[in-house]
Structure formats: C-alpha cells, structure tokens
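Shown next: query.pdb, containing PDB, N, CA, C and O atoms.
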```pdb
ATOM      1  N   MET A 584     -32.306-182.035  26.418
ATOM      2  CA  MET A 584     -31.557-180.846  26.072
ATOM      3  C   MET A 584     -32.448-179.619  26.174
ATOM      4  O   MET A 584     -33.586-179.635  25.746
ATOM      5  N   THR A 585     -31.907-178.588  26.753
ATOM      6  CA  THR A 585     -32.667-177.356  26.927
ATOM      7  C   THR A 585     -32.653-176.517  25.646
ATOM      8  O   THR A 585     -31.712-176.595  24.862
ATOM      9  N   ALA A 586     -33.678-175.741  25.463
ATOM     10  CA  ALA A 586     -33.784-174.879  24.282
ATOM     11  C   ALA A 586     -33.146-173.515  24.520
ATOM     12  O   ALA A 586     -33.243-172.636  23.674
ATOM     13  N   PHE A 587     -32.495-173.338  25.676
ATOM     14  CA  PHE A 587     -31.924-172.042  26.014
ATOM     15  C   PHE A 587     -30.469-172.164  26.434
ATOM     16  O   PHE A 587     -30.072-173.156  27.053
ATOM     17  N   ARG A 588     -29.709-171.134  26.118
ATOM     18  CA  ARG A 588     -28.343-170.987  26.612
ATOM     19  C   ARG A 588     -28.257-169.616  27.256
ATOM     20  O   ARG A 588     -28.919-168.678  26.832
ATOM     21  N   PHE A 589     -27.416-169.515  28.251
ATOM     22  CA  PHE A 589     -27.262-168.267  28.991
ATOM     23  C   PHE A 589     -25.833-167.774  28.861
ATOM     24  O   PHE A 589     -24.891-168.567  28.918
ATOM     25  N   TYR A 590     -25.687-166.461  28.698
ATOM     26  CA  TYR A 590     -24.380-165.848  28.516
ATOM     27  C   TYR A 590     -24.241-164.625  29.415
ATOM     28  O   TYR A 590     -25.235-163.972  29.751
ATOM     29  N   GLU A 591     -22.988-164.315  29.745
ATOM     30  CA  GLU A 591     -22.677-163.099  30.490
ATOM     31  C   GLU A 591     -21.566-162.366  29.757
ATOM     32  O   GLU A 591     -20.588-162.979  29.307
ATOM     33  N   ILE A 592     -21.736-161.062  29.639
ATOM     34  CA  ILE A 592     -20.694-160.206  29.088
ATOM     35  C   ILE A 592     -20.897-158.801  29.650
ATOM     36  O   ILE A 592     -22.041-158.324  29.739
ATOM     37  N   GLU A 593     -19.831-158.196  30.089
ATOM     38  CA  GLU A 593     -19.855-156.827  30.629
ATOM     39  C   GLU A 593     -20.907-156.648  31.726
ATOM     40  O   GLU A 593     -21.612-155.640  31.765
ATOM     41  N   GLY A 594     -21.036-157.643  32.587
ATOM     42  CA  GLY A 594     -21.934-157.537  33.731
ATOM     43  C   GLY A 594     -23.415-157.663  33.422
ATOM     44  O   GLY A 594     -24.254-157.369  34.263
ATOM     45  N   LYS A 595     -23.743-158.098  32.221
ATOM     46  CA  LYS A 595     -25.143-158.292  31.842
ATOM     47  C   LYS A 595     -25.360-159.750  31.463
ATOM     48  O   LYS A 595     -24.462-160.416  30.958
ATOM     49  N   ALA A 596     -26.587-160.222  31.701
ATOM     50  CA  ALA A 596     -26.942-161.603  31.370
ATOM     51  C   ALA A 596     -27.852-161.615  30.148
ATOM     52  O   ALA A 596     -28.693-160.735  29.963
ATOM     53  N   TYR A 597     -27.662-162.645  29.340
ATOM     54  CA  TYR A 597     -28.437-162.810  28.120
ATOM     55  C   TYR A 597     -28.937-164.243  28.037
ATOM     56  O   TYR A 597     -28.280-165.164  28.500
ATOM     57  N   ILE A 598     -30.101-164.398  27.417
ATOM     58  CA  ILE A 598     -30.655-165.726  27.180
ATOM     59  C   ILE A 598     -30.827-165.894  25.678
ATOM     60  O   ILE A 598     -31.384-165.022  24.999
ATOM     61  N   TYR A 599     -30.307-167.009  25.167
ATOM     62  CA  TYR A 599     -30.397-167.311  23.745
ATOM     63  C   TYR A 599     -31.406-168.430  23.553
ATOM     64  O   TYR A 599     -31.274-169.501  24.142
ATOM     65  N   ASP A 600     -32.429-168.158  22.753
ATOM     66  CA  ASP A 600     -33.451-169.147  22.424
ATOM     67  C   ASP A 600     -32.979-169.890  21.175
ATOM     68  O   ASP A 600     -32.943-169.314  20.078
ATOM     69  N   ILE A 601     -32.579-171.127  21.352
ATOM     70  CA  ILE A 601     -32.030-171.918  20.258
ATOM     71  C   ILE A 601     -33.070-172.132  19.164
ATOM     72  O   ILE A 601     -32.754-172.074  17.968
ATOM     73  N   ASN A 602     -34.312-172.364  19.525
ATOM     74  CA  ASN A 602     -35.364-172.622  18.537
ATOM     75  C   ASN A 602     -35.645-171.401  17.664
ATOM     76  O   ASN A 602     -35.837-171.523  16.460
ATOM     77  N   GLN A 603     -35.689-170.229  18.279
ATOM     78  CA  GLN A 603     -35.970-168.999  17.531
ATOM     79  C   GLN A 603     -34.698-168.339  17.003
ATOM     80  O   GLN A 603     -34.777-167.398  16.224
ATOM     81  N   GLU A 604     -33.539-168.810  17.483
ATOM     82  CA  GLU A 604     -32.247-168.215  17.140
ATOM     83  C   GLU A 604     -32.253-166.718  17.429
ATOM     84  O   GLU A 604     -31.862-165.893  16.611
ATOM     85  N   ARG A 605     -32.710-166.375  18.649
ATOM     86  CA  ARG A 605     -32.789-164.975  19.087
ATOM     87  C   ARG A 605     -32.173-164.843  20.461
ATOM     88  O   ARG A 605     -32.282-165.727  21.304
ATOM     89  N   LEU A 606     -31.552-163.702  20.688
ATOM     90  CA  LEU A 606     -30.909-163.400  21.949
ATOM     91  C   LEU A 606     -31.665-162.272  22.631
ATOM     92  O   LEU A 606     -32.058-161.299  21.982
ATOM     93  N   PHE A 607     -31.852-162.402  23.940
ATOM     94  CA  PHE A 607     -32.547-161.387  24.726
ATOM     95  C   PHE A 607     -31.682-161.011  25.921
ATOM     96  O   PHE A 607     -31.055-161.878  26.537
ATOM     97  N   GLU A 608     -31.679-159.728  26.259
ATOM     98  CA  GLU A 608     -31.027-159.283  27.485
ATOM     99  C   GLU A 608     -31.986-159.552  28.635
ATOM    100  O   GLU A 608     -33.163-159.211  28.564
ATOM    101  N   MET A 609     -31.480-160.165  29.692
ATOM    102  CA  MET A 609     -32.310-160.462  30.865
ATOM    103  C   MET A 609     -32.253-159.288  31.833
ATOM    104  O   MET A 609     -31.199-158.699  32.030
ATOM    105  N   GLY A 610     -33.399-158.946  32.435
ATOM    106  CA  GLY A 610     -33.411-157.873  33.403
ATOM    107  C   GLY A 610     -34.708-157.821  34.185
ATOM    108  O   GLY A 610     -35.708-158.413  33.789
ATOM    109  N   CYS A 611     -34.669-157.099  35.300
ATOM    110  CA  CYS A 611     -35.839-156.990  36.176
ATOM    111  C   CYS A 611     -36.929-156.113  35.569
ATOM    112  O   CYS A 611     -38.108-156.377  35.752
ATOM    113  N   GLU A 612     -36.523-155.059  34.883
ATOM    114  CA  GLU A 612     -37.514-154.135  34.336
ATOM    115  C   GLU A 612     -38.118-154.657  33.038
ATOM    116  O   GLU A 612     -39.287-154.466  32.777
ATOM    117  N   ALA A 613     -37.287-155.287  32.217
ATOM    118  CA  ALA A 613     -37.765-155.829  30.945
ATOM    119  C   ALA A 613     -36.709-156.738  30.358
ATOM    120  O   ALA A 613     -35.528-156.580  30.635
ATOM    121  N   SER A 614     -37.147-157.685  29.568
ATOM    122  CA  SER A 614     -36.231-158.481  28.766
ATOM    123  C   SER A 614     -36.255-157.863  27.377
ATOM    124  O   SER A 614     -37.322-157.672  26.802
ATOM    125  N   LEU A 615     -35.096-157.527  26.872
ATOM    126  CA  LEU A 615     -35.023-156.763  25.640
ATOM    127  C   LEU A 615     -34.427-157.565  24.497
ATOM    128  O   LEU A 615     -33.508-158.358  24.697
ATOM    129  N   ASP A 616     -34.946-157.319  23.292
ATOM    130  CA  ASP A 616     -34.300-157.851  22.098
ATOM    131  C   ASP A 616     -32.924-157.222  21.998
ATOM    132  O   ASP A 616     -32.712-156.082  22.400
ATOM    133  N   VAL A 617     -31.999-157.961  21.442
ATOM    134  CA  VAL A 617     -30.628-157.486  21.304
ATOM    135  C   VAL A 617     -30.349-157.230  19.829
ATOM    136  O   VAL A 617     -30.659-158.085  18.985
ATOM    137  N   PRO A 618     -29.773-156.060  19.495
ATOM    138  CA  PRO A 618     -29.427-155.796  18.094
ATOM    139  C   PRO A 618     -28.475-156.864  17.553
ATOM    140  O   PRO A 618     -27.677-157.439  18.302
ATOM    141  N   GLU A 619     -28.533-157.121  16.262
ATOM    142  CA  GLU A 619     -27.777-158.213  15.649
ATOM    143  C   GLU A 619     -26.274-158.114  15.905
ATOM    144  O   GLU A 619     -25.626-159.119  16.212
ATOM    145  N   GLU A 620     -25.710-156.910  15.815
ATOM    146  CA  GLU A 620     -24.264-156.774  16.021
ATOM    147  C   GLU A 620     -23.870-157.109  17.464
ATOM    148  O   GLU A 620     -22.834-157.725  17.704
ATOM    149  N   LEU A 621     -24.696-156.740  18.437
ATOM    150  CA  LEU A 621     -24.425-157.093  19.821
ATOM    151  C   LEU A 621     -24.654-158.587  20.042
ATOM    152  O   LEU A 621     -23.898-159.238  20.755
ATOM    153  N   SER A 622     -25.669-159.126  19.395
ATOM    154  CA  SER A 622     -25.958-160.552  19.510
ATOM    155  C   SER A 622     -24.760-161.372  19.044
ATOM    156  O   SER A 622     -24.345-162.318  19.715
ATOM    157  N   ASP A 623     -24.191-161.011  17.910
ATOM    158  CA  ASP A 623     -23.013-161.714  17.398
ATOM    159  C   ASP A 623     -21.867-161.653  18.391
ATOM    160  O   ASP A 623     -21.192-162.647  18.636
ATOM    161  N   ARG A 624     -21.655-160.490  18.988
ATOM    162  CA  ARG A 624     -20.566-160.316  19.953
ATOM    163  C   ARG A 624     -20.782-161.158  21.206
ATOM    164  O   ARG A 624     -19.866-161.824  21.692
ATOM    165  N   VAL A 625     -22.006-161.148  21.738
ATOM    166  CA  VAL A 625     -22.309-161.924  22.942
ATOM    167  C   VAL A 625     -22.091-163.414  22.676
ATOM    168  O   VAL A 625     -21.481-164.118  23.484
ATOM    169  N   LEU A 626     -22.572-163.887  21.539
ATOM    170  CA  LEU A 626     -22.444-165.311  21.225
ATOM    171  C   LEU A 626     -20.990-165.726  20.969
ATOM    172  O   LEU A 626     -20.616-166.861  21.254
ATOM    173  N   LYS A 627     -20.163-164.813  20.465
ATOM    174  CA  LYS A 627     -18.763-165.135  20.185
ATOM    175  C   LYS A 627     -17.851-164.916  21.386
ATOM    176  O   LYS A 627     -16.953-165.705  21.650
ATOM    177  N   GLU A 628     -18.076-163.816  22.122
ATOM    178  CA  GLU A 628     -17.153-163.410  23.176
ATOM    179  C   GLU A 628     -17.683-163.608  24.592
ATOM    180  O   GLU A 628     -16.908-163.590  25.542
ATOM    181  N   GLY A 629     -18.996-163.759  24.727
ATOM    182  CA  GLY A 629     -19.592-163.916  26.052
ATOM    183  C   GLY A 629     -19.254-165.259  26.674
ATOM    184  O   GLY A 629     -18.951-166.223  25.983
ATOM    185  N   MET A 630     -19.300-165.279  27.984
ATOM    186  CA  MET A 630     -19.049-166.516  28.716
ATOM    187  C   MET A 630     -20.380-167.235  28.915
ATOM    188  O   MET A 630     -21.343-166.655  29.429
ATOM    189  N   GLU A 631     -20.448-168.507  28.521
ATOM    190  CA  GLU A 631     -21.665-169.276  28.739
ATOM    191  C   GLU A 631     -21.755-169.620  30.225
ATOM    192  O   GLU A 631     -20.778-170.066  30.822
ATOM    193  N   ILE A 632     -22.905-169.353  30.807
ATOM    194  CA  ILE A 632     -23.126-169.588  32.236
ATOM    195  C   ILE A 632     -24.399-170.412  32.403
ATOM    196  O   ILE A 632     -25.156-170.602  31.453
ATOM    197  N   ASP A 633     -24.647-170.876  33.624
ATOM    198  CA  ASP A 633     -25.869-171.643  33.858
ATOM    199  C   ASP A 633     -27.028-170.705  34.212
ATOM    200  O   ASP A 633     -26.835-169.510  34.432
ATOM    201  N   LYS A 634     -28.216-171.261  34.260
ATOM    202  CA  LYS A 634     -29.432-170.475  34.496
ATOM    203  C   LYS A 634     -29.374-169.740  35.835
ATOM    204  O   LYS A 634     -29.729-168.565  35.910
ATOM    205  N   ASP A 635     -28.928-170.413  36.889
ATOM    206  CA  ASP A 635     -28.883-169.778  38.206
ATOM    207  C   ASP A 635     -27.956-168.570  38.212
ATOM    208  O   ASP A 635     -28.274-167.527  38.778
ATOM    209  N   GLN A 636     -26.800-168.706  37.570
ATOM    210  CA  GLN A 636     -25.861-167.592  37.493
ATOM    211  C   GLN A 636     -26.457-166.450  36.676
ATOM    212  O   GLN A 636     -26.303-165.283  37.024
ATOM    213  N   ALA A 637     -27.148-166.770  35.595
ATOM    214  CA  ALA A 637     -27.786-165.739  34.767
ATOM    215  C   ALA A 637     -28.816-164.957  35.572
ATOM    216  O   ALA A 637     -28.919-163.735  35.451
ATOM    217  N   TRP A 638     -29.568-165.662  36.422
ATOM    218  CA  TRP A 638     -30.552-164.977  37.259
ATOM    219  C   TRP A 638     -29.862-164.029  38.237
ATOM    220  O   TRP A 638     -30.339-162.931  38.487
ATOM    221  N   LYS A 639     -28.735-164.447  38.791
ATOM    222  CA  LYS A 639     -27.992-163.586  39.723
ATOM    223  C   LYS A 639     -27.440-162.358  39.026
ATOM    224  O   LYS A 639     -27.561-161.239  39.525
ATOM    225  N   VAL A 640     -26.825-162.558  37.853
ATOM    226  CA  VAL A 640     -26.227-161.444  37.114
ATOM    227  C   VAL A 640     -27.296-160.426  36.720
ATOM    228  O   VAL A 640     -27.088-159.216  36.823
ATOM    229  N   SER A 641     -28.463-160.906  36.296
ATOM    230  CA  SER A 641     -29.534-160.020  35.833
ATOM    231  C   SER A 641     -30.313-159.370  36.971
ATOM    232  O   SER A 641     -31.050-158.417  36.753
ATOM    233  N   GLY A 642     -30.172-159.905  38.186
ATOM    234  CA  GLY A 642     -30.925-159.384  39.329
ATOM    235  C   GLY A 642     -32.279-160.044  39.508
ATOM    236  O   GLY A 642     -33.000-159.728  40.452
ATOM    237  N   LEU A 643     -32.632-160.949  38.617
ATOM    238  CA  LEU A 643     -33.938-161.603  38.725
ATOM    239  C   LEU A 643     -34.055-162.480  39.965
ATOM    240  O   LEU A 643     -35.156-162.732  40.437
ATOM    241  N   ASP A 644     -32.926-162.927  40.503
ATOM    242  CA  ASP A 644     -32.967-163.756  41.715
ATOM    243  C   ASP A 644     -33.515-162.992  42.901
ATOM    244  O   ASP A 644     -34.101-163.557  43.806
ATOM    245  N   LYS A 645     -33.394-161.676  42.894
ATOM    246  CA  LYS A 645     -33.890-160.854  44.001
ATOM    247  C   LYS A 645     -35.409-160.708  43.982
ATOM    248  O   LYS A 645     -36.013-160.401  44.997
ATOM    249  N   LEU A 646     -36.035-160.956  42.839
ATOM    250  CA  LEU A 646     -37.495-160.858  42.758
ATOM    251  C   LEU A 646     -38.169-161.932  43.587
ATOM    252  O   LEU A 646     -39.252-161.722  44.114
ATOM    253  N   ASP A 647     -37.532-163.094  43.730
ATOM    254  CA  ASP A 647     -38.086-164.178  44.535
ATOM    255  C   ASP A 647     -38.117-163.830  46.015
ATOM    256  O   ASP A 647     -38.882-164.404  46.777
ATOM    257  N   GLN A 648     -37.279-162.902  46.439
ATOM    258  CA  GLN A 648     -37.169-162.558  47.837
ATOM    259  C   GLN A 648     -38.173-161.491  48.262
ATOM    260  O   GLN A 648     -38.281-161.178  49.422
ATOM    261  N   ALA A 649     -38.906-160.934  47.332
ATOM    262  CA  ALA A 649     -39.842-159.845  47.622
ATOM    263  C   ALA A 649     -41.025-160.324  48.435
ATOM    264  O   ALA A 649     -41.395-161.417  48.502
TER     265      ALA A 649
END
```
Let's see the structure in the file written out as structure tokens.
Amino acid sequence: MTAFRFYEIEGKAYIYDINQERLFEMGCEASLDVPEELSDRVLKEGMEIDKDQAWKVSGLDKLDQA
C-alpha cells in the first residue's frame, strides 16, 4: 500500500501524505502546503486520481522532457 493519495480539483493536483496527514499542492515551481479549509475541501470534494494523472495535471510530466 502506498503512503500517498492524489487528488484533482479545479484543475490543480494535490498529494496527500497518509503518514503525516498533510496535503500539498503539486506544481513545477513549488509544492505548497495547503490551508486546512482547502485541505478539507480537496479531500471531500476532489476526485482521487492516480500518480501519472497527477503529474500531468500539475505539469510535472513536462519536466522529464526537458
């Protein structure tokens, strides 16, 4: 079992660390902590996606092509 879950909401990708119980916004410039109220919303309303899809949504997949 993986220690991470990936979510998408409003065109942004998020990674949830199950061990730390923390959510981070995924992105090329920086991965950011998410405020608690947004974290609750993402976990309740966001669509759970796989890692590959999360990389595409966040744009991180394009870094491999550089």
Atomic distance atom C of Leu626 of chain A - atom O of Glu608 of chain A, expressed in Å with one decimal: 15.8 Å
Check chain A with DSSP on the backbone and list each residue it calls helix (DSSP H, G or I), as a list of chain:residue names.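 These are the residues in question: A:Glu619, A:Glu620, A:Leu621, A:Ser622, A:Asp623, A:Arg624, A:Val625, A:Leu626, A:Lys627, A:Glu628, A:Lys634, A:Asp635, A:Gln636, A:Ala637, A:Trp638, A:Lys639, A:Val640, A:Ser641, A:Leu643, A:Asp644, A:Lys645, A:Leu646, A:Asp647, A:Gln648.
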For this file, the PyMOL selection byres ((chain A and resi 596) around 6) selects which residues, as a list in words? Tyr590, Glu591, Ile592, Gly594, Lys595, Tyr597, Ile598, Phe607, Glu608, Met609, Gly610, Ala637, Val640 and Ser641 of chain A
Output file for the selection above: N, CA, C and O atoms, as a PDB file, in the frame of the given file:
```pdb
ATOM      1  N   TYR A 590     -25.687-166.461  28.698  1.00  0.00           N
ATOM      2  CA  TYR A 590     -24.380-165.848  28.516  1.00  0.00           C
ATOM      3  C   TYR A 590     -24.241-164.625  29.415  1.00  0.00           C
ATOM      4  O   TYR A 590     -25.235-163.972  29.751  1.00  0.00           O
ATOM      5  N   GLU A 591     -22.988-164.315  29.745  1.00  0.00           N
ATOM      6  CA  GLU A 591     -22.677-163.099  30.490  1.00  0.00           C
ATOM      7  C   GLU A 591     -21.566-162.366  29.757  1.00  0.00           C
ATOM      8  O   GLU A 591     -20.588-162.979  29.307  1.00  0.00           O
ATOM      9  N   ILE A 592     -21.736-161.062  29.639  1.00  0.00           N
ATOM     10  CA  ILE A 592     -20.694-160.206  29.088  1.00  0.00           C
ATOM     11  C   ILE A 592     -20.897-158.801  29.650  1.00  0.00           C
ATOM     12  O   ILE A 592     -22.041-158.324  29.739  1.00  0.00           O
ATOM     13  N   GLY A 594     -21.036-157.643  32.587  1.00  0.00           N
ATOM     14  CA  GLY A 594     -21.934-157.537  33.731  1.00  0.00           C
ATOM     15  C   GLY A 594     -23.415-157.663  33.422  1.00  0.00           C
ATOM     16  O   GLY A 594     -24.254-157.369  34.263  1.00  0.00           O
ATOM     17  N   LYS A 595     -23.743-158.098  32.221  1.00  0.00           N
ATOM     18  CA  LYS A 595     -25.143-158.292  31.842  1.00  0.00           C
ATOM     19  C   LYS A 595     -25.360-159.750  31.463  1.00  0.00           C
ATOM     20  O   LYS A 595     -24.462-160.416  30.958  1.00  0.00           O
ATOM     21  N   TYR A 597     -27.662-162.645  29.340  1.00  0.00           N
ATOM     22  CA  TYR A 597     -28.437-162.810  28.120  1.00  0.00           C
ATOM     23  C   TYR A 597     -28.937-164.243  28.037  1.00  0.00           C
ATOM     24  O   TYR A 597     -28.280-165.164  28.500  1.00  0.00           O
ATOM     25  N   ILE A 598     -30.101-164.398  27.417  1.00  0.00           N
ATOM     26  CA  ILE A 598     -30.655-165.726  27.180  1.00  0.00           C
ATOM     27  C   ILE A 598     -30.827-165.894  25.678  1.00  0.00           C
ATOM     28  O   ILE A 598     -31.384-165.022  24.999  1.00  0.00           O
ATOM     29  N   PHE A 607     -31.852-162.402  23.940  1.00  0.00           N
ATOM     30  CA  PHE A 607     -32.547-161.387  24.726  1.00  0.00           C
ATOM     31  C   PHE A 607     -31.682-161.011  25.921  1.00  0.00           C
ATOM     32  O   PHE A 607     -31.055-161.878  26.537  1.00  0.00           O
ATOM     33  N   GLU A 608     -31.679-159.728  26.259  1.00  0.00           N
ATOM     34  CA  GLU A 608     -31.027-159.283  27.485  1.00  0.00           C
ATOM     35  C   GLU A 608     -31.986-159.552  28.635  1.00  0.00           C
ATOM     36  O   GLU A 608     -33.163-159.211  28.564  1.00  0.00           O
ATOM     37  N   MET A 609     -31.480-160.165  29.692  1.00  0.00           N
ATOM     38  CA  MET A 609     -32.310-160.462  30.865  1.00  0.00           C
ATOM     39  C   MET A 609     -32.253-159.288  31.833  1.00  0.00           C
ATOM     40  O   MET A 609     -31.199-158.699  32.030  1.00  0.00           O
ATOM     41  N   GLY A 610     -33.399-158.946  32.435  1.00  0.00           N
ATOM     42  CA  GLY A 610     -33.411-157.873  33.403  1.00  0.00           C
ATOM     43  C   GLY A 610     -34.708-157.821  34.185  1.00  0.00           C
ATOM     44  O   GLY A 610     -35.708-158.413  33.789  1.00  0.00           O
ATOM     45  N   ALA A 637     -27.148-166.770  35.595  1.00  0.00           N
ATOM     46  CA  ALA A 637     -27.786-165.739  34.767  1.00  0.00           C
ATOM     47  C   ALA A 637     -28.816-164.957  35.572  1.00  0.00           C
ATOM     48  O   ALA A 637     -28.919-163.735  35.451  1.00  0.00           O
ATOM     49  N   VAL A 640     -26.825-162.558  37.853  1.00  0.00           N
ATOM     50  CA  VAL A 640     -26.227-161.444  37.114  1.00  0.00           C
ATOM     51  C   VAL A 640     -27.296-160.426  36.720  1.00  0.00           C
ATOM     52  O   VAL A 640     -27.088-159.216  36.823  1.00  0.00           O
ATOM     53  N   SER A 641     -28.463-160.906  36.296  1.00  0.00           N
ATOM     54  CA  SER A 641     -29.534-160.020  35.833  1.00  0.00           C
ATOM     55  C   SER A 641     -30.313-159.370  36.971  1.00  0.00           C
ATOM     56  O   SER A 641     -31.050-158.417  36.753  1.00  0.00           O
TER      57      SER A 641
END
```
For this file, the PyMOL selection byres ((chain A and resi 617-624) around 7) selects which residues, as a list in words?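 For this structure, the PyMOL selection byres ((chain A and resi 617-624) around 7) resolves to Arg605, Leu606, Phe607, Glu608, Leu615, Asp616, Val625, Leu626, Lys627, Glu628 and Gly629 of chain A.
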Enclose segment 629-639 of chain A, meaning all of its atoms listed in the file, in a box aligned along x, y and z, pad it by 8 Å on each side, and list the centre and edge lengths in Å to one decimal, as AutoDock Vina command-line options.
```
--center_x -24.8 --center_y -166.4 --center_z 32.2 --size_x 27.6 --size_y 26.4 --size_z 31.0
```
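The coordinates place atom O of Lys639 of chain A at 12.2 Å from atom O of Cys611 of chain A.
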As a count of residues only, please: every residue in chain A that DSSP puts in strand (DSSP E). 21
State, in Å with one decimal place, the distance from atom CA of Asp635 of chain A to atom CA of Thr585 of chain A. 14.1 Å
Which residue gives the smallest distance to Met630 of chain A among A:Glu612, A:Leu643, A:Met584, A:Glu593, with all atoms listed in the file counted?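 Closest residue, counting all atoms listed in the file: A:Glu593.
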Contact residues around Ile601 of chain A with all atoms listed in the file at 6 Å, ignoring same-chain residues under 6 positions, as a list of chain:residue names: A:Ala586, A:Phe587, A:Arg588
Can you spit out segment 613-638 of chain A with N, CA and C atoms, as a short mmCIF file (atom, residue, chain, number, x, y, z; two decimals), in the first residue's frame, from the structure just given?
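File written: part-v7.cif
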```
data_model
loop_
_atom_site.label_atom_id
_atom_site.label_comp_id
_atom_site.auth_asym_id
_atom_site.auth_seq_id
_atom_site.Cartn_x
_atom_site.Cartn_y
_atom_site.Cartn_z
N ALA A 613 6.85 24.99 -7.23
CA ALA A 613 6.97 24.61 -5.83
C ALA A 613 5.81 23.72 -5.44
N SER A 614 6.03 22.88 -4.46
CA SER A 614 4.94 22.14 -3.85
C SER A 614 4.59 22.90 -2.58
N LEU A 615 3.33 23.24 -2.44
CA LEU A 615 2.92 24.12 -1.37
C LEU A 615 2.05 23.42 -0.34
N ASP A 616 2.23 23.81 0.92
CA ASP A 616 1.29 23.38 1.96
C ASP A 616 -0.07 23.96 1.62
N VAL A 617 -1.10 23.24 1.99
CA VAL A 617 -2.46 23.67 1.70
C VAL A 617 -3.13 24.07 3.01
N PRO A 618 -3.79 25.24 3.05
CA PRO A 618 -4.50 25.64 4.27
C PRO A 618 -5.55 24.59 4.65
N GLU A 619 -5.84 24.47 5.93
CA GLU A 619 -6.72 23.42 6.44
C GLU A 619 -8.10 23.43 5.79
N GLU A 620 -8.68 24.61 5.59
CA GLU A 620 -10.02 24.66 4.99
C GLU A 620 -10.01 24.16 3.55
N LEU A 621 -8.96 24.46 2.79
CA LEU A 621 -8.84 23.96 1.43
C LEU A 621 -8.54 22.46 1.45
N SER A 622 -7.73 22.03 2.40
CA SER A 622 -7.41 20.62 2.52
C SER A 622 -8.68 19.80 2.75
N ASP A 623 -9.53 20.25 3.64
CA ASP A 623 -10.79 19.56 3.90
C ASP A 623 -11.63 19.47 2.64
N ARG A 624 -11.69 20.55 1.88
CA ARG A 624 -12.49 20.58 0.65
C ARG A 624 -11.93 19.62 -0.40
N VAL A 625 -10.61 19.62 -0.59
CA VAL A 625 -9.98 18.74 -1.57
C VAL A 625 -10.25 17.28 -1.21
N LEU A 626 -10.08 16.95 0.06
CA LEU A 626 -10.27 15.56 0.48
C LEU A 626 -11.74 15.11 0.39
N LYS A 627 -12.68 16.04 0.55
CA LYS A 627 -14.10 15.69 0.49
C LYS A 627 -14.66 15.74 -0.93
N GLU A 628 -14.26 16.77 -1.70
CA GLU A 628 -14.87 17.02 -3.00
C GLU A 628 -13.98 16.70 -4.19
N GLY A 629 -12.67 16.59 -3.96
CA GLY A 629 -11.74 16.32 -5.05
C GLY A 629 -11.89 14.91 -5.58
N MET A 630 -11.49 14.75 -6.83
CA MET A 630 -11.52 13.44 -7.45
C MET A 630 -10.17 12.76 -7.21
N GLU A 631 -10.20 11.54 -6.67
CA GLU A 631 -8.96 10.80 -6.47
C GLU A 631 -8.47 10.31 -7.83
N ILE A 632 -7.21 10.56 -8.12
CA ILE A 632 -6.61 10.19 -9.40
C ILE A 632 -5.33 9.40 -9.13
N ASP A 633 -4.76 8.83 -10.18
CA ASP A 633 -3.51 8.09 -10.00
C ASP A 633 -2.31 9.03 -10.13
N LYS A 634 -1.14 8.53 -9.80
CA LYS A 634 0.08 9.33 -9.79
C LYS A 634 0.38 9.92 -11.17
N ASP A 635 0.24 9.12 -12.23
CA ASP A 635 0.54 9.61 -13.57
C ASP A 635 -0.37 10.78 -13.96
N GLN A 636 -1.65 10.66 -13.63
CA GLN A 636 -2.59 11.73 -13.93
C GLN A 636 -2.25 12.98 -13.12
N ALA A 637 -1.87 12.80 -11.87
CA ALA A 637 -1.49 13.94 -11.02
C ALA A 637 -0.29 14.68 -11.61
N TRP A 638 0.67 13.92 -12.14
CA TRP A 638 1.83 14.55 -12.76
C TRP A 638 1.42 15.37 -13.98
#
```
